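Enquirer: Quick one, query.tsv (TSV, C-alpha atoms and all ligand atoms):
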```tsv
chain	number	residue	atom	x	y	z
M	88	MET	CA	0.00	0.00	0.00
M	89	SER	CA	1.68	3.26	-1.05
M	90	GLU	CA	2.08	5.99	1.51
M	91	LEU	CA	1.35	9.49	0.32
M	92	GLU	CA	1.55	12.87	2.03
M	93	VAL	CA	-1.31	15.21	2.90
M	94	THR	CA	-0.76	18.90	3.65
M	95	LEU	CA	-3.58	20.70	5.43
M	96	VAL	CA	-3.59	24.49	5.09
M	97	THR	CA	-5.69	26.30	7.70
M	98	ARG	CA	-7.58	29.53	7.08
M	99	ASP	CA	-4.87	31.44	8.97
M	100	GLY	CA	-2.10	29.92	6.82
M	101	ALA	CA	-0.68	27.17	9.07
M	102	GLU	CA	0.47	24.00	7.27
M	103	LEU	CA	0.21	20.53	8.82
M	104	ARG	CA	1.74	17.50	7.07
M	105	PHE	CA	1.20	13.81	7.72
M	106	PRO	CA	1.39	10.50	5.85
M	107	CYS	CA	-1.78	8.94	4.47
M	108	ALA	CA	-2.04	5.54	2.77
M	109	GLN	CA	-3.89	5.41	-0.54
M	110	ALA	CA	-6.67	3.30	0.95
M	111	GLU	CA	-6.96	5.47	4.08
M	112	ASN	CA	-9.24	8.47	4.50
M	113	VAL	CA	-7.67	11.85	5.26
M	114	LEU	CA	-9.64	12.34	8.50
M	115	GLY	CA	-8.44	9.00	9.93
M	116	ALA	CA	-4.85	9.73	8.90
M	117	SER	CA	-4.95	13.17	10.51
M	118	GLU	CA	-6.19	11.64	13.78
M	119	ALA	CA	-3.47	8.99	13.64
M	120	ALA	CA	-0.98	11.86	13.34
M	121	GLY	CA	-2.52	13.56	16.40
M	122	TYR	CA	-4.54	16.27	14.61
M	123	TYR	CA	-8.23	16.13	15.59
M	124	LEU	CA	-10.20	18.12	13.00
M	125	PRO	CA	-13.87	19.18	13.43
M	126	ALA	CA	-15.85	16.02	12.63
M	127	MET	CA	-18.64	13.96	14.11
M	128	CYS	CA	-20.09	10.97	12.26
M	129	HIS	CA	-16.95	9.75	10.42
M	130	GLU	CA	-19.31	8.22	7.84
M	131	GLY	CA	-20.13	10.97	5.35
M	132	THR	CA	-23.37	12.19	6.90
M	133	CYS	CA	-22.88	15.19	9.19
M	134	GLY	CA	-20.84	17.31	6.75
M	135	LEU	CA	-18.65	18.75	9.53
M	136	CYS	CA	-15.40	17.56	7.95
M	137	HIS	CA	-15.92	19.39	4.65
M	138	ALA	CA	-12.83	21.01	3.12
M	139	ARG	CA	-11.41	21.74	-0.34
M	140	VAL	CA	-8.62	19.88	-2.13
M	141	THR	CA	-6.49	22.46	-3.95
M	142	GLU	CA	-3.79	20.12	-5.33
M	143	GLY	CA	-3.68	16.41	-6.10
M	144	LYS	CA	-6.05	13.69	-7.21
M	145	TYR	CA	-8.30	11.86	-4.79
M	146	THR	CA	-11.18	9.40	-4.58
M	147	MET	CA	-14.40	10.16	-2.72
M	148	GLY	CA	-16.27	7.27	-1.11
M	149	PRO	CA	-20.08	7.15	-0.77
M	150	HIS	CA	-21.62	9.84	1.38
M	151	ASN	CA	-24.98	11.21	2.29
M	152	SER	CA	-24.37	14.84	3.17
M	153	ALA	CA	-26.15	17.88	1.79
M	154	ALA	CA	-23.21	19.94	3.07
M	155	LEU	CA	-21.06	18.94	0.08
M	156	ARG	CA	-21.52	21.58	-2.62
M	157	ALA	CA	-21.24	19.98	-6.04
M	158	ASP	CA	-20.51	23.34	-7.71
M	159	VAL	CA	-17.34	24.00	-5.68
M	160	PRO	CA	-14.33	22.31	-7.36
M	161	GLY	CA	-12.35	20.10	-5.00
M	162	GLU	CA	-14.92	20.19	-2.18
M	163	VAL	CA	-14.66	16.95	-0.20
M	164	LEU	CA	-15.64	15.28	3.05
M	165	LEU	CA	-12.34	14.33	4.65
M	166	CYS	CA	-13.83	11.19	6.23
M	167	ARG	CA	-14.67	9.97	2.71
M	168	CYS	CA	-11.64	11.28	0.80
M	169	SER	CA	-8.62	9.06	0.05
M	170	PRO	CA	-5.53	10.34	-1.77
M	171	ASP	CA	-4.45	9.03	-5.18
M	172	GLU	CA	-1.50	11.46	-5.10
M	173	ASP	CA	0.00	13.80	-2.51
M	174	LEU	CA	-2.77	16.23	-1.54
M	175	THR	CA	-2.99	19.84	-0.42
M	176	VAL	CA	-6.25	20.60	1.36
M	177	ALA	CA	-7.62	24.03	2.34
M	178	LEU	CA	-9.48	23.93	5.66
M	179	PRO	CA	-12.31	26.42	6.31
M	180	TYR	CA	-11.08	27.22	9.85
M	181	ASN	CA	-8.04	28.38	11.78
M	182	GLN	CA	-5.29	26.28	13.34
M	183	ALA	CA	-6.75	26.92	16.81
M	184	GLN	CA	-9.76	24.76	15.90
M	185	ILE	CA	-7.59	21.68	15.40
M	186	LEU	CA	-7.26	19.80	18.66
M	187	ARG	CA	-4.11	17.90	19.66
M	188	TYR	CA	-6.09	15.60	21.96
M	189	LYS	CA	-9.21	13.47	21.64
M	190	VAL	CA	-12.46	15.31	22.20
M	191	PRO	CA	-13.54	14.66	25.82
M	192	VAL	CA	-16.48	12.33	26.51
M	193	ARG	CA	-18.45	12.96	29.73
M	194	GLN	CA	-21.64	11.89	31.44
M	195	ALA	CA	-24.52	14.24	32.15
M	196	VAL	CA	-28.13	14.12	33.31
M	197	ILE	CA	-31.15	15.96	31.97
M	198	GLU	CA	-31.92	18.77	34.38
M	199	THR	CA	-34.82	20.49	32.58
M	200	MET	CA	-36.70	20.16	29.30
M	201	ALA	CA	-39.24	22.79	28.30
M	202	PRO	CA	-40.92	23.95	25.11
M	203	ALA	CA	-39.00	27.03	23.88
M	204	TRP	CA	-40.95	28.39	20.96
M	205	GLN	CA	-42.70	26.82	18.01
M	206	ASP	CA	-41.13	23.37	17.57
M	207	ALA	CA	-38.00	24.03	19.64
M	208	VAL	CA	-37.15	22.59	23.06
M	209	ALA	CA	-34.89	24.25	25.62
M	210	LEU	CA	-32.83	21.39	27.06
M	211	THR	CA	-30.51	21.81	30.05
M	212	LEU	CA	-28.02	19.11	31.03
M	213	ARG	CA	-25.81	18.93	34.11
M	214	LEU	CA	-22.38	17.29	33.78
M	215	GLN	CA	-21.43	14.67	36.33
M	216	PRO	CA	-18.18	15.40	38.25
M	217	ASP	CA	-15.05	14.32	36.42
M	218	ALA	CA	-11.78	13.35	38.17
M	219	ALA	CA	-9.76	15.87	36.10
M	220	THR	CA	-12.10	18.84	35.85
M	221	GLY	CA	-14.73	18.45	38.58
M	222	THR	CA	-18.01	19.71	37.16
M	223	ALA	CA	-16.55	22.65	35.21
M	224	VAL	CA	-17.35	22.94	31.52
M	225	GLU	CA	-14.97	24.84	29.26
M	226	PHE	CA	-15.81	25.83	25.69
M	227	SER	CA	-15.63	28.77	23.32
M	228	PRO	CA	-18.99	30.50	22.77
M	229	GLY	CA	-20.33	29.25	19.42
M	230	GLN	CA	-19.12	25.64	19.86
M	231	TYR	CA	-21.29	22.54	19.99
M	232	MET	CA	-21.55	19.29	21.94
M	233	GLU	CA	-22.51	15.88	20.55
M	234	LEU	CA	-25.30	14.17	22.48
M	235	THR	CA	-25.70	10.39	22.25
M	236	ILE	CA	-29.15	8.81	22.27
M	237	PRO	CA	-28.99	6.53	25.35
M	238	GLY	CA	-28.51	2.85	24.50
M	239	THR	CA	-27.31	3.62	20.97
M	240	GLU	CA	-24.23	4.90	19.16
M	241	ILE	CA	-26.28	7.63	17.47
M	242	ARG	CA	-24.96	11.13	18.11
M	243	ARG	CA	-26.26	14.52	17.12
M	244	ALA	CA	-24.48	17.86	17.44
M	245	TYR	CA	-26.16	20.84	19.11
M	246	SER	CA	-24.74	24.28	19.79
M	247	LEU	CA	-24.46	25.56	23.33
M	248	ALA	CA	-26.53	28.64	24.13
M	249	ASN	CA	-24.94	29.48	27.49
M	250	LEU	CA	-21.42	30.33	28.68
M	251	PRO	CA	-18.61	28.21	30.16
M	252	ASN	CA	-19.28	27.67	33.87
M	253	TRP	CA	-18.10	25.86	36.99
M	254	GLU	CA	-21.41	24.09	37.60
M	255	GLY	CA	-21.37	21.93	34.46
M	256	ARG	CA	-24.52	23.45	33.03
M	257	LEU	CA	-25.15	22.94	29.31
M	258	ASP	CA	-28.04	24.80	27.64
M	259	PHE	CA	-29.30	23.85	24.18
M	260	LEU	CA	-32.11	24.96	21.89
M	261	ILE	CA	-33.17	21.94	19.87
M	262	ARG	CA	-35.60	22.05	16.98
M	263	LEU	CA	-37.76	18.94	16.97
M	264	ALA	CA	-37.41	17.62	13.42
M	265	PRO	CA	-40.49	15.52	12.47
M	266	ASN	CA	-38.55	12.30	11.79
M	267	GLY	CA	-35.22	13.07	13.42
M	268	MET	CA	-33.89	10.25	15.62
M	269	PHE	CA	-32.72	12.49	18.44
M	270	SER	CA	-35.90	14.57	18.17
M	271	THR	CA	-38.05	11.43	18.42
M	272	TRP	CA	-36.14	10.25	21.48
M	273	LEU	CA	-36.46	13.69	23.09
M	274	ARG	CA	-40.17	13.93	22.31
M	275	GLU	CA	-41.19	10.40	23.26
M	276	GLN	CA	-38.74	8.93	25.75
M	277	ALA	CA	-36.46	11.46	27.42
M	278	ARG	CA	-37.25	12.33	31.05
M	279	VAL	CA	-35.72	14.71	33.59
M	280	GLY	CA	-32.97	12.81	35.45
M	281	ASP	CA	-32.07	10.56	32.49
M	282	ALA	CA	-28.34	9.98	31.96
M	283	ILE	CA	-26.83	11.00	28.63
M	284	THR	CA	-23.31	10.90	27.16
M	285	VAL	CA	-21.92	14.16	25.80
M	286	ARG	CA	-18.82	14.57	23.64
M	287	GLY	CA	-17.23	17.94	23.12
M	288	PRO	CA	-16.80	20.80	22.91
M	289	SER	CA	-16.07	20.95	19.19
M	290	GLY	CA	-16.49	23.33	16.31
M	291	SER	CA	-14.87	26.28	14.66
M	292	PHE	CA	-17.76	28.74	14.78
M	293	ILE	CA	-16.17	31.01	17.36
M	294	LEU	CA	-15.52	34.72	17.81
M	295	ASP	CA	-12.38	36.28	16.43
M	296	GLU	CA	-11.71	38.55	19.36
M	297	THR	CA	-8.51	39.88	17.78
M	298	SER	CA	-10.54	41.58	15.04
M	299	VAL	CA	-11.48	45.24	15.49
M	300	ARG	CA	-14.17	45.21	12.79
M	301	PRO	CA	-17.85	45.80	13.56
M	302	ARG	CA	-19.72	42.51	14.02
M	303	CYS	CA	-23.00	41.42	12.55
M	304	PHE	CA	-24.70	38.19	13.68
M	305	VAL	CA	-27.20	36.60	11.33
M	306	GLY	CA	-29.33	33.72	12.59
M	307	GLY	CA	-32.37	31.68	11.68
M	308	GLY	CA	-34.21	29.06	13.76
M	309	CYS	CA	-32.04	27.28	16.32
M	310	GLY	CA	-29.03	29.03	14.75
M	311	LEU	CA	-29.78	31.52	17.48
M	312	ALA	CA	-28.26	29.26	20.18
M	313	PRO	CA	-24.54	29.78	19.38
M	314	ILE	CA	-25.19	33.43	18.56
M	315	LEU	CA	-26.79	33.94	21.99
M	316	SER	CA	-23.74	32.34	23.59
M	317	MET	CA	-21.42	34.70	21.68
M	318	LEU	CA	-23.50	37.78	22.49
M	319	ARG	CA	-23.66	36.79	26.17
M	320	HIS	CA	-19.88	36.42	26.16
M	321	LEU	CA	-19.42	39.88	24.60
M	322	GLY	CA	-21.84	41.31	27.17
M	323	GLU	CA	-20.00	39.65	30.04
M	324	PHE	CA	-16.73	41.28	28.93
M	325	GLN	CA	-18.44	44.62	28.20
M	326	ASP	CA	-17.22	44.55	24.62
M	327	SER	CA	-17.68	47.94	22.97
M	328	GLN	CA	-17.35	47.15	19.23
M	329	PRO	CA	-20.38	48.02	17.08
M	330	THR	CA	-22.56	44.89	17.04
M	331	HIS	CA	-25.78	44.05	15.23
M	332	LEU	CA	-28.08	41.04	15.36
M	333	ILE	CA	-30.33	40.00	12.48
M	334	PHE	CA	-32.73	37.18	13.23
M	335	GLY	CA	-34.99	35.79	10.54
M	336	ALA	CA	-38.15	33.68	10.67
M	337	ASN	CA	-41.02	32.79	8.36
M	338	ARG	CA	-43.69	33.92	10.84
M	339	GLN	CA	-43.72	36.14	13.91
M	340	ALA	CA	-44.47	33.15	16.15
M	341	GLU	CA	-41.08	31.69	15.14
M	342	LEU	CA	-39.11	34.74	16.25
M	343	VAL	CA	-36.77	34.67	19.21
M	344	PRO	CA	-38.70	35.57	22.41
M	345	ALA	CA	-38.46	39.29	23.17
M	346	ALA	CA	-37.19	38.55	26.71
M	347	GLU	CA	-34.06	36.87	25.29
M	348	VAL	CA	-33.30	39.87	23.09
M	349	GLU	CA	-33.92	42.28	25.97
M	350	ALA	CA	-31.60	40.36	28.31
M	351	VAL	CA	-28.77	40.38	25.76
M	352	SER	CA	-29.35	44.05	24.89
M	353	ALA	CA	-29.21	45.01	28.58
M	354	ALA	CA	-25.69	43.54	28.83
M	355	LEU	CA	-24.58	44.87	25.44
M	356	PRO	CA	-26.08	48.37	25.12
M	357	GLN	CA	-24.62	49.09	21.64
M	358	LEU	CA	-26.39	46.04	20.17
M	359	GLY	CA	-28.70	46.87	17.26
M	360	VAL	CA	-31.41	44.33	16.47
M	361	THR	CA	-33.32	43.64	13.24
M	362	LEU	CA	-36.09	41.07	13.36
M	363	ALA	CA	-36.97	39.88	9.85
M	364	VAL	CA	-40.18	38.01	9.06
M	365	THR	CA	-40.95	36.64	5.59
M	366	SER	CA	-44.75	36.41	5.99
M	367	PRO	CA	-45.74	38.78	8.80
M	368	GLU	CA	-49.23	39.53	10.07
M	369	GLU	CA	-50.77	42.89	9.39
M	370	GLY	CA	-49.26	45.69	11.42
M	371	TRP	CA	-45.76	44.14	11.62
M	372	GLN	CA	-43.29	46.89	12.47
M	373	GLY	CA	-40.06	45.01	11.81
M	374	PHE	CA	-38.35	44.08	8.53
M	375	GLN	CA	-40.41	42.15	5.98
M	376	GLY	CA	-38.24	39.59	4.17
M	377	THR	CA	-35.51	37.05	4.83
M	378	ALA	CA	-32.51	37.45	7.11
M	379	PRO	CA	-30.12	37.79	4.09
M	380	ALA	CA	-32.41	40.49	2.64
M	381	ALA	CA	-32.25	42.35	5.97
M	382	LEU	CA	-28.47	41.92	5.92
M	383	GLU	CA	-28.33	43.45	2.44
M	384	VAL	CA	-30.11	46.56	3.70
M	385	TYR	CA	-27.91	46.72	6.78
M	386	LEU	CA	-24.68	46.37	4.76
M	387	SER	CA	-25.80	49.05	2.28
M	388	GLN	CA	-25.56	51.52	5.18
M	389	ALA	CA	-22.19	50.26	6.50
M	390	ASP	CA	-18.97	51.98	5.39
M	391	GLU	CA	-16.34	49.60	6.74
M	392	PRO	CA	-15.74	45.88	6.25
M	393	MET	CA	-17.58	43.73	8.78
M	394	ASP	CA	-17.17	40.37	10.46
M	395	ILE	CA	-20.41	38.51	9.74
M	396	TYR	CA	-21.21	35.52	11.96
M	397	ALA	CA	-23.97	33.50	10.31
M	398	CYS	CA	-25.66	30.36	11.64
M	399	GLY	CA	-28.65	28.76	9.96
M	400	PRO	CA	-29.75	26.48	7.14
M	401	PRO	CA	-27.44	26.04	4.09
M	402	LYS	CA	-29.70	28.18	1.86
M	403	MET	CA	-29.44	31.13	4.24
M	404	LEU	CA	-25.65	30.80	4.43
M	405	GLU	CA	-25.29	30.59	0.66
M	406	ALA	CA	-27.36	33.77	0.29
M	407	VAL	CA	-25.18	35.54	2.87
M	408	GLU	CA	-21.96	34.46	1.13
M	409	LYS	CA	-23.24	35.55	-2.30
M	410	LEU	CA	-24.30	38.90	-0.91
M	411	VAL	CA	-20.89	39.53	0.64
M	412	GLU	CA	-19.13	38.54	-2.58
M	413	LYS	CA	-21.36	40.90	-4.57
M	414	ARG	CA	-20.69	43.78	-2.17
M	415	GLY	CA	-16.92	43.30	-2.62
M	416	ARG	CA	-15.92	45.29	0.47
M	417	GLY	CA	-13.77	42.64	2.10
M	418	ASP	CA	-16.40	41.55	4.63
M	419	ARG	CA	-15.59	38.25	6.27
M	420	VAL	CA	-18.20	35.51	6.78
M	421	ILE	CA	-17.73	33.05	9.64
M	422	ALA	CA	-20.48	30.49	9.13
M	423	GLU	CA	-22.01	27.44	10.80
M	424	ARG	CA	-24.43	25.22	8.88
M	425	LEU	CA	-27.40	23.78	10.70
Z	1	LIG	S1	-17.26	13.49	9.91
Z	1	LIG	FE1	-19.34	13.60	9.36
Z	1	LIG	S2	-19.27	13.82	7.18
Z	1	LIG	FE2	-17.22	13.52	7.76
```
Go ahead and express the file in the form of structure tokens.
Expert:
Amino acid sequence: MSELEVTLVTRDGAELRFPCAQAENVLGASEAAGYYLPAMCHEGTCGLCHARVTEGKYTMGPHNSAALRADVPGEVLLCRCSPDEDLTVALPYNQAQILRYKVPVRQAVIETMAPAWQDAVALTLRLQPDAATGTAVEFSPGQYMELTIPGTEIRRAYSLANLPNWEGRLDFLIRLAPNGMFSTWLREQARVGDAITVRGPSGSFILDETSVRPRCFVGGGCGLAPILSMLRHLGEFQDSQPTHLIFGANRQAELVPAAEVEAVSAALPQLGVTLAVTSPEEGWQGFQGTAPAALEVYLSQADEPMDIYACGPPKMLEAVEKLVEKRGRGDRVIAERL
């Protein structure tokens, strides 16, 4: 079996090299070399390991992920990509998002479960004490945890909505998908006090706190969870950079509860908020249209390049990226697909 070389190039220009056999996938080879990239399922479903091959030939195995964009040359899932030649791969995140240790696995119990709004559930877990860390939970606002359906190997990733804390509290906003496996378990079987395995934190959707640009957060649905965590973090540190939140929904009933927005605004007084509704009822005072359409209006009034943090469905993210490309002002999009 011939051994080839893979070079990963991170968004901030770091290069990581490791050997990879022709029959091996790049994600497995990177882990064998001690580089743990953002990934979850390892079987071509979750889309978290997507990247772009810029040099070299490769073979893609079967996959089932909508995250892979057929129109982007070289786009691959690293858990399904094997080299036919030496490869150079561009990663859509910075070096800091590559771990040098295995993602921690811990036990937790369900502390509360309550309807949030529309078809979303607010789920709070409490970590069990761990010999190394006690109950503390460390993560960067914007990251996610993988939750395992008890008695199975099935994991689903959900973003944290709260902040790192000593008490081991993990808050999630989970949309109940009609046929989703985790959603079905949550709806039909989960009870307060149930034990659940959590793996994480993971993910590269985090704040660039070295940037001095104004920030705009664009969210739809449960994409609000990581954005709330980031805004709470900025509020906690009394960040003073210009900051705007755009939240989009189809109907008013699907909007983020006003109390959440008020609590974040109280801690972050410079925060501007645009609520965008595609099909509002009569008398709606906010923006009528999608979140990307509201972003277009907002950007048309902005003079300087922005950092745009977007979390939502792939269609919303594509629209945001196209808009930024069209504007051509050097805005930067940091995105998380739901
Ligand atoms: S790790 Fe899930 S698609 Fe590769």
Enquirer: For ligand LIG 1 (chain Z), which residue out of M:Ser117, M:Asn249, M:Asn151, M:Thr297 is the nearest one, using all atoms listed in the file?
Expert: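 Among the listed residues, the smallest separation from ligand LIG 1 (chain Z) belongs to M:Asn151.
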Enquirer: Hey, could you make a per-residue contact list for chain M against ligand LIG 1 (chain Z) with 8 Å as the cut-off, showing the nearest pair of atoms and its distance in Å to one decimal, counting all atoms listed in the file, sorted by chain and number, as a Markdown table?
Expert:
```
| residue | atom | partner | partner_atom | distance |
| --- | --- | --- | --- | --- |
| M:Leu114 | CA | Z:LIG1 | FE2 | 7.7 |
| M:Pro125 | CA | Z:LIG1 | S1 | 7.5 |
| M:Ala126 | CA | Z:LIG1 | S1 | 4.0 |
| M:Met127 | CA | Z:LIG1 | S1 | 4.4 |
| M:Cys128 | CA | Z:LIG1 | FE1 | 4.0 |
| M:His129 | CA | Z:LIG1 | S1 | 3.8 |
| M:Glu130 | CA | Z:LIG1 | FE1 | 5.6 |
| M:Gly131 | CA | Z:LIG1 | S2 | 3.5 |
| M:Thr132 | CA | Z:LIG1 | S2 | 4.4 |
| M:Cys133 | CA | Z:LIG1 | FE1 | 3.9 |
| M:Gly134 | CA | Z:LIG1 | S2 | 3.9 |
| M:Leu135 | CA | Z:LIG1 | FE1 | 5.2 |
| M:Cys136 | CA | Z:LIG1 | FE2 | 4.4 |
| M:His137 | CA | Z:LIG1 | FE2 | 6.8 |
| M:His150 | CA | Z:LIG1 | S2 | 7.4 |
| M:Asn151 | CA | Z:LIG1 | S2 | 8.0 |
| M:Ser152 | CA | Z:LIG1 | S2 | 6.6 |
| M:Leu164 | CA | Z:LIG1 | FE2 | 5.3 |
| M:Leu165 | CA | Z:LIG1 | FE2 | 5.8 |
| M:Cys166 | CA | Z:LIG1 | FE2 | 4.4 |
| M:Arg167 | CA | Z:LIG1 | FE2 | 6.7 |
```
Enquirer: Name all residues at most 8 Å from segment 355-372 of chain M (count all atoms listed in the file; drop same-chain ones fewer than 3 positions away) and give them as an NGL selection string.
Expert: :M and (318 or 321-322 or 325-339 or 342 or 351-352 or 375-378 or 381)
Enquirer: Give as a ChimeraX atom specification each residue that has an atom at most 9 Å from (-13.4, 43.7, 15.1) in the file, counting only C-alpha atoms.
Expert: /M:295-302,328-329,393-394
Enquirer: For atom CA of Val96 of chain M and atom CA of Ser291 of chain M, determine how far apart the two atoms are, in Å to one decimal place.
Expert: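 Atom-to-atom, atom CA of Val96 of chain M to atom CA of Ser291 of chain M, that is 14.9 Å.
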Enquirer: Restricting the calculation to all atoms listed in the file, which member of M:Val159, M:Leu178, M:Ile314, M:Leu273 is positioned closest to Phe292 of chain M?
Expert: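 Closest to Phe292 of chain M of all the choices is M:Ile314.
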Enquirer: Mind checking which residues fall within 7 Å of segment 258-268 of chain M, counting all atoms listed in the file, ignoring those fewer than 5 positions away in the same chain, and posting them as a list in words?
Expert: Asp206, Ala207, Val208, Ala209, Leu210, Thr211, Leu212, Tyr245, Ser246, Leu247, Ala248, Asn249, Cys309 and Ala312 of chain M
Enquirer: Between atom CA of Gly415 of chain M and atom CA of Gly310 of chain M, what is the distance, to one decimal in Å?
Expert: 25.5 Å
Enquirer: Rounded to one decimal, what separation in Å do you get between atom CA of Pro179 of chain M and atom CA of Leu95 of chain M?
Expert: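 We find that atom CA of Pro179 of chain M and atom CA of Leu95 of chain M lie 10.5 Å from each other.
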Enquirer: Give the answer as one residue: which of M:Thr239, M:Ala218, M:Ile197, M:Ser289 has the shortest atom-to-atom distance to Arg256 of chain M, using all atoms listed in the file?
Expert: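 Of M:Thr239, M:Ala218, M:Ile197, M:Ser289, the one nearest Arg256 of chain M, counting all atoms listed in the file, is M:Ile197.
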Enquirer: Listed atoms of segment 198-206 of chain M, axis-aligned box, 3 Å per side: centre and edge lengths to one decimal in Å, as JSON?
Expert:
```
{"center_x": -37.3, "center_y": 23.6, "center_z": 26.0, "size_x": 16.8, "size_y": 15.6, "size_z": 22.8}
```
Enquirer: So which residues touch Pro170 of chain M within 9 Å, counting only C-alpha atoms, skipping near sequence neighbours fewer than 6 positions away, as a list in words?
Expert: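 With the cut-off at 9 Å, the set is Leu91, Glu92, Val93, Cys107, Ala108, Gln109, Ala110, Glu111, Asn112, Val113, Gly143, Lys144, Tyr145, Thr146 and Met147 of chain M.
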Enquirer: List every protein, DNA or RNA residue that has an atom no more than 10 Å from (-26.6, 17.8, 32.2) in the file's coordinate frame, counting all atoms listed in the file, and report them as a ChimeraX atom specification.
Expert: /M:193-199,210-215,254-258,279-285
Enquirer: How would the residues just chosen look if you wrote them out with C-alpha atoms as a compact mmCIF listing (two decimals), keeping the file's coordinate frame?
Expert:
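That gives us out31.txt:
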```
# COMPACT_ATOMS: atom_id res chain seq x y z
CA ARG M 193 -18.45 12.96 29.73
CA GLN M 194 -21.64 11.89 31.44
CA ALA M 195 -24.52 14.24 32.15
CA VAL M 196 -28.13 14.12 33.31
CA ILE M 197 -31.15 15.96 31.97
CA GLU M 198 -31.92 18.77 34.38
CA THR M 199 -34.82 20.49 32.58
CA LEU M 210 -32.83 21.39 27.06
CA THR M 211 -30.51 21.81 30.05
CA LEU M 212 -28.02 19.11 31.03
CA ARG M 213 -25.81 18.93 34.11
CA LEU M 214 -22.38 17.29 33.78
CA GLN M 215 -21.43 14.67 36.33
CA GLU M 254 -21.41 24.09 37.60
CA GLY M 255 -21.37 21.93 34.46
CA ARG M 256 -24.52 23.45 33.03
CA LEU M 257 -25.15 22.94 29.31
CA ASP M 258 -28.04 24.80 27.64
CA VAL M 279 -35.72 14.71 33.59
CA GLY M 280 -32.97 12.81 35.45
CA ASP M 281 -32.07 10.56 32.49
CA ALA M 282 -28.34 9.98 31.96
CA ILE M 283 -26.83 11.00 28.63
CA THR M 284 -23.31 10.90 27.16
CA VAL M 285 -21.92 14.16 25.80
```
Enquirer: With distances taken over all atoms listed in the file, which residue among M:Leu315, M:Ala177, M:Ala397, M:Ala277 lies nearest Ile421 of chain M?
Expert: M:Ala397
Enquirer: Just want the 9 Å neighbourhood of Pro191 of chain M, counted on all atoms listed in the file, with same-chain residues fewer than 5 positions away dropped. Output as number ranges by chain.
Expert: M: 285-288
Enquirer: Find the residues around Ala120 of chain M up to 9 Å (only C-alpha atoms counted), leave out those fewer than 6 positions away in its own chain, and share them as a list in words.
Expert: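 Near neighbours after the sequence-gap exclusion: Arg104, Phe105 and Pro106 of chain M.
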Enquirer: Which is closest to Phe226 of chain M among M:Arg416, M:His320, M:Arg139, M:Lys409, if we use all atoms listed in the file?
Expert: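 Among M:Arg416, M:His320, M:Arg139, M:Lys409, it is M:His320 that comes nearest to Phe226 of chain M.
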Enquirer: Where atoms are missing, can you supply N, CA and C atoms for segment 208-219 of chain M and output the lot as a PDB file, in the frame of the given file?
Expert:
```pdb
ATOM      1  N   VAL M 208     -37.171  22.947  21.637  1.00  0.00           N
ATOM      2  CA  VAL M 208     -37.150  22.590  23.060  1.00  0.00           C
ATOM      3  C   VAL M 208     -35.893  23.187  23.686  1.00  0.00           C
ATOM      4  N   ALA M 209     -36.056  23.785  24.865  1.00  0.00           N
ATOM      5  CA  ALA M 209     -34.890  24.250  25.620  1.00  0.00           C
ATOM      6  C   ALA M 209     -34.475  23.101  26.537  1.00  0.00           C
ATOM      7  N   LEU M 210     -33.308  22.553  26.298  1.00  0.00           N
ATOM      8  CA  LEU M 210     -32.830  21.390  27.060  1.00  0.00           C
ATOM      9  C   LEU M 210     -31.627  21.826  27.895  1.00  0.00           C
ATOM     10  N   THR M 211     -31.664  21.533  29.190  1.00  0.00           N
ATOM     11  CA  THR M 211     -30.510  21.810  30.050  1.00  0.00           C
ATOM     12  C   THR M 211     -29.990  20.506  30.632  1.00  0.00           C
ATOM     13  N   LEU M 212     -28.691  20.287  30.461  1.00  0.00           N
ATOM     14  CA  LEU M 212     -28.020  19.110  31.030  1.00  0.00           C
ATOM     15  C   LEU M 212     -27.079  19.569  32.137  1.00  0.00           C
ATOM     16  N   ARG M 213     -26.790  18.648  33.047  1.00  0.00           N
ATOM     17  CA  ARG M 213     -25.810  18.930  34.110  1.00  0.00           C
ATOM     18  C   ARG M 213     -24.740  17.854  34.049  1.00  0.00           C
ATOM     19  N   LEU M 214     -23.473  18.266  33.859  1.00  0.00           N
ATOM     20  CA  LEU M 214     -22.380  17.290  33.780  1.00  0.00           C
ATOM     21  C   LEU M 214     -22.140  16.635  35.130  1.00  0.00           C
ATOM     22  N   GLN M 215     -21.811  15.369  35.115  1.00  0.00           N
ATOM     23  CA  GLN M 215     -21.430  14.670  36.330  1.00  0.00           C
ATOM     24  C   GLN M 215     -19.965  15.001  36.632  1.00  0.00           C
ATOM     25  N   PRO M 216     -19.578  15.037  37.914  1.00  0.00           N
ATOM     26  CA  PRO M 216     -18.180  15.400  38.250  1.00  0.00           C
ATOM     27  C   PRO M 216     -17.197  14.456  37.559  1.00  0.00           C
ATOM     28  N   ASP M 217     -16.078  15.048  37.144  1.00  0.00           N
ATOM     29  CA  ASP M 217     -15.050  14.320  36.420  1.00  0.00           C
ATOM     30  C   ASP M 217     -13.765  14.437  37.242  1.00  0.00           C
ATOM     31  N   ALA M 218     -12.962  13.350  37.305  1.00  0.00           N
ATOM     32  CA  ALA M 218     -11.780  13.350  38.170  1.00  0.00           C
ATOM     33  C   ALA M 218     -10.835  14.513  37.809  1.00  0.00           C
ATOM     34  N   ALA M 219     -10.732  14.848  36.519  1.00  0.00           N
ATOM     35  CA  ALA M 219      -9.760  15.870  36.100  1.00  0.00           C
ATOM     36  C   ALA M 219     -10.315  17.278  36.251  1.00  0.00           C
TER      37      ALA M 219
END
```
